[in-house]
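K.L.:
Below is the file entry-v2.csv, which contains CSV, C-alpha atoms.
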chain,number,residue,atom,x,y,z
T,10,MET,CA,18.1,8.1,14.8
T,11,THR,CA,20.1,5.7,12.7
T,12,PRO,CA,18.7,4.2,9.5
T,13,TYR,CA,18.3,0.9,11.3
T,14,GLN,CA,16.4,2.6,14.1
T,15,LYS,CA,14.2,4.4,11.6
T,16,ILE,CA,13.3,1.1,9.8
T,17,LYS,CA,12.5,-0.5,13.1
T,18,THR,CA,10.3,2.4,14.1
T,19,ILE,CA,8.5,2.4,10.8
T,20,LYS,CA,7.8,-1.3,11.1
T,21,GLN,CA,6.5,-0.8,14.7
T,22,ILE,CA,4.2,2.0,13.5
T,23,ALA,CA,3.0,0.1,10.4
T,24,TYR,CA,2.2,-3.2,12.2
T,25,GLY,CA,0.6,-1.3,15.1
T,26,TYR,CA,-1.6,0.8,12.9
T,27,ARG,CA,-2.5,-2.2,10.8
T,28,LYS,CA,-3.7,-4.0,13.9
T,29,VAL,CA,-5.8,-0.9,14.8
T,30,LYS,CA,-7.5,-1.0,11.4
T,31,GLU,CA,-8.2,-4.8,11.7
T,32,LEU,CA,-9.8,-4.2,15.1
T,33,GLU,CA,-11.8,-1.3,13.7
T,34,TRP,CA,-13.1,-3.4,10.9
T,35,ASN,CA,-13.5,-6.4,13.2
T,36,SER,CA,-11.5,-8.5,10.7
T,37,ASN,CA,-7.9,-9.7,10.1
T,38,THR,CA,-8.2,-8.7,6.5
T,39,ALA,CA,-7.3,-5.5,4.8
T,40,PRO,CA,-9.5,-2.5,5.3
T,41,TYR,CA,-11.1,-1.9,1.9
T,42,GLY,CA,-11.2,1.5,0.3
T,43,VAL,CA,-9.3,3.4,2.9
T,44,CYS,CA,-5.8,3.5,1.4
T,45,VAL,CA,-5.7,7.4,1.3
T,46,GLU,CA,-6.9,7.8,4.9
T,47,THR,CA,-4.5,5.1,6.0
T,48,SER,CA,-1.6,6.6,4.2
T,49,GLU,CA,-2.3,10.0,5.6
T,50,THR,CA,-2.5,8.6,9.1
T,51,LEU,CA,0.8,6.7,8.7
T,52,ILE,CA,2.4,9.9,7.5
T,53,LEU,CA,1.3,11.7,10.7
T,54,LEU,CA,2.4,8.9,12.9
T,55,LEU,CA,5.8,8.8,11.2
T,56,LYS,CA,6.2,12.6,11.5
T,57,LYS,CA,5.7,12.3,15.2
T,58,GLN,CA,8.8,10.2,15.2
T,59,SER,CA,10.7,12.8,13.0
T,60,ILE,CA,10.4,10.5,10.0
T,61,GLU,CA,9.4,12.4,6.9
T,62,SER,CA,7.2,10.7,4.3
T,63,ALA,CA,4.8,11.4,1.5
T,64,ARG,CA,1.7,9.8,0.0
T,65,ILE,CA,2.1,8.3,-3.5
T,66,GLU,CA,-0.9,7.8,-5.7
T,67,GLY,CA,-1.1,5.2,-8.5
T,68,TRP,CA,-2.8,2.0,-9.7
T,69,TRP,CA,-2.8,-1.6,-8.6
T,70,LEU,CA,-2.7,-4.0,-11.5
T,71,TYR,CA,-4.6,-7.2,-11.2
T,72,ASP,CA,-3.3,-10.6,-12.3
T,73,ASP,CA,-6.9,-11.8,-12.8
T,74,LYS,CA,-7.9,-9.2,-15.4
T,75,GLU,CA,-11.4,-10.6,-16.0
T,76,SER,CA,-12.6,-10.5,-12.4
T,77,HIS,CA,-13.3,-6.9,-11.6
T,78,THR,CA,-14.6,-4.2,-14.0
T,79,ASN,CA,-13.6,-3.2,-17.5
T,80,ARG,CA,-10.4,-1.9,-15.9
T,81,PRO,CA,-8.1,-4.6,-14.6
T,82,TYR,CA,-6.6,-2.2,-12.1
T,83,ASP,CA,-7.7,0.1,-9.3
T,84,GLU,CA,-6.6,3.4,-7.8
T,85,HIS,CA,-4.3,2.9,-4.8
T,86,SER,CA,-2.1,5.0,-2.6
T,87,LEU,CA,0.8,4.2,-0.3
T,88,VAL,CA,3.6,5.9,1.6
T,89,CYS,CA,7.1,6.7,0.4
T,90,ILE,CA,9.8,7.4,3.0
T,91,HIS,CA,13.4,8.6,2.3
T,92,ILE,CA,16.1,7.4,4.6
T,93,ASP,CA,19.7,8.3,3.7
T,94,GLN,CA,18.8,9.2,0.1
T,95,LYS,CA,17.1,5.8,-0.4
T,96,ALA,CA,13.3,5.5,-1.0
T,97,TYR,CA,11.3,2.9,1.0
T,98,TYR,CA,7.7,2.1,0.1
T,99,LEU,CA,5.2,1.3,2.9
T,100,ASP,CA,1.7,-0.2,2.3
T,101,ILE,CA,-0.6,-1.7,4.8
T,102,THR,CA,-3.7,-2.0,2.7
T,103,GLY,CA,-2.4,-3.6,-0.5
T,104,ASP,CA,-3.8,-7.0,0.5
T,105,GLN,CA,-7.3,-5.7,-0.1
T,106,PHE,CA,-6.6,-6.7,-3.7
T,107,GLN,CA,-5.6,-10.3,-2.8
T,108,PHE,CA,-8.7,-11.8,-4.5
T,109,TYR,CA,-7.5,-10.5,-7.9
T,110,MET,CA,-3.8,-11.6,-7.4
T,111,ASP,CA,-1.9,-14.8,-7.9
T,112,ASP,CA,0.8,-14.2,-5.4
T,113,SER,CA,0.3,-13.6,-1.7
T,114,ILE,CA,0.3,-9.9,-0.6
T,115,PRO,CA,1.7,-9.2,2.9
T,116,THR,CA,-0.4,-7.3,5.4
T,117,VAL,CA,2.6,-4.9,5.8
T,118,TYR,CA,4.8,-4.1,2.9
T,119,LEU,CA,8.1,-2.2,3.4
T,120,ASP,CA,10.7,-2.4,0.7
T,121,THR,CA,13.0,-0.2,-1.4
T,122,ASN,CA,10.8,-1.1,-4.4
T,123,PRO,CA,7.1,-0.4,-4.7
T,124,PRO,CA,4.9,-3.5,-4.6
T,125,LYS,CA,5.2,-5.3,-7.9
T,126,PRO,CA,1.6,-4.7,-9.1
T,127,PHE,CA,1.7,-1.0,-8.2
T,128,THR,CA,2.4,1.6,-10.9
T,129,ILE,CA,2.4,5.4,-10.9
T,130,THR,CA,1.4,5.6,-14.5
T,131,GLU,CA,-2.2,4.7,-15.3
T,132,PRO,CA,-2.5,1.7,-17.6
T,133,ASP,CA,-4.1,2.5,-21.0
T,134,TYR,CA,-6.0,-0.7,-21.6
T,135,LEU,CA,-9.5,-1.8,-20.9
T,136,ILE,CA,-11.3,-5.1,-21.2
T,137,GLU,CA,-13.9,-4.9,-23.9
T,138,PRO,CA,-17.4,-6.2,-22.8
T,139,ASP,CA,-18.6,-9.4,-24.5
Please re-express this file's structure in structure tokens.
P.N.:
Amino acid sequence: MTPYQKIKTIKQIAYGYRKVKELEWNSNTAPYGVCVETSETLILLLKKQSIESARIEGWWLYDDKESHTNRPYDEHSLVCIHIDQKAYYLDITGDQFQFYMDDSIPTVYLDTNPPKPFTITEPDYLIEPD
């Protein structure tokens, strides 16, 4: 399979599985709190197409730092895929954080950079209670 064919296959799997999750939750919004399960399922679906991938764990940083808890970030996981020695990051549940973000988050994210608010290193700041 060529790199172009792999990318096309990855997109088909991602959009298809995202639709399944939306139907499961009876909504066209992100399934909340299932990023690990979703990433693991995507990895299995990709493996069936001979596309190797791995789950990456990290934190999603909020733009609206006052709106959640004393931590303006949350745990999150997504999928990393290597094609011809280039990493691609796949996330179909990142838009669950849309309420806390200024910019629009796509329902399916696939890019050579992780989503901008995602970091592998846990932030070391808290919001002090009033």
K.L.:
Can you tell me, as JSON, numbers by chain, what residues are no more than 10 Å from Trp68 in chain T when counting all atoms listed in the file, ignoring any on the same chain fewer than 4 positions away?
P.N.:
{"T": [81, 82, 83, 84, 85, 86, 126, 127, 128, 129, 130, 131, 132]}
K.L.:
Excluding same-chain residues fewer than 3 positions from Lys15 in chain T, what lies within 9 Å of it counting only C-alpha atoms, as a ChimeraX atom specification?
P.N.:
/T:10-12,18-20,58,60,92
K.L.:
With all atoms listed in the file as the basis for distance, which of T:Val43, T:Leu119, T:Ile101, T:Ile22 is at the shortest distance from Lys56 in chain T?
P.N.:
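Once distances to Lys56 in chain T are computed over all atoms listed in the file, the minimum belongs to T:Ile22.
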K.L.:
So how many Å separate CA of Ser36 in chain T and CA of Ala63 in chain T, to one decimal?
P.N.:
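Between CA of Ser36 in chain T and CA of Ala63 in chain T the gap works out to 27.3 Å.
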K.L.:
Within 9 Å of Val45 in chain T, counting all atoms listed in the file, which residues qualify if same-chain residues fewer than 4 places away don't, as a list in words?
P.N.:
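Listed by chain and then number, they are Glu49, Thr50, Arg64, Glu66, His85, Ser86 and Leu87 of chain T.
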K.L.:
Mind pulling up the distance from CA of Pro40 in chain T to CA of Asp72 in chain T?
P.N.:
20.3 Å
K.L.:
So how far away is CA of Leu99 in chain T from CA of Pro124 in chain T, in Å?
P.N.:
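Interatomic distance here is 8.9 Å.
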K.L.:
For a quick check of understanding, using all atoms listed in the file, which of T:Tyr118, T:Tyr97, T:Phe106, T:Trp69 has the smallest distance to Ala23 in chain T?
P.N.:
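Of T:Tyr118, T:Tyr97, T:Phe106, T:Trp69, the one nearest Ala23 in chain T, counting all atoms listed in the file, is T:Tyr118.
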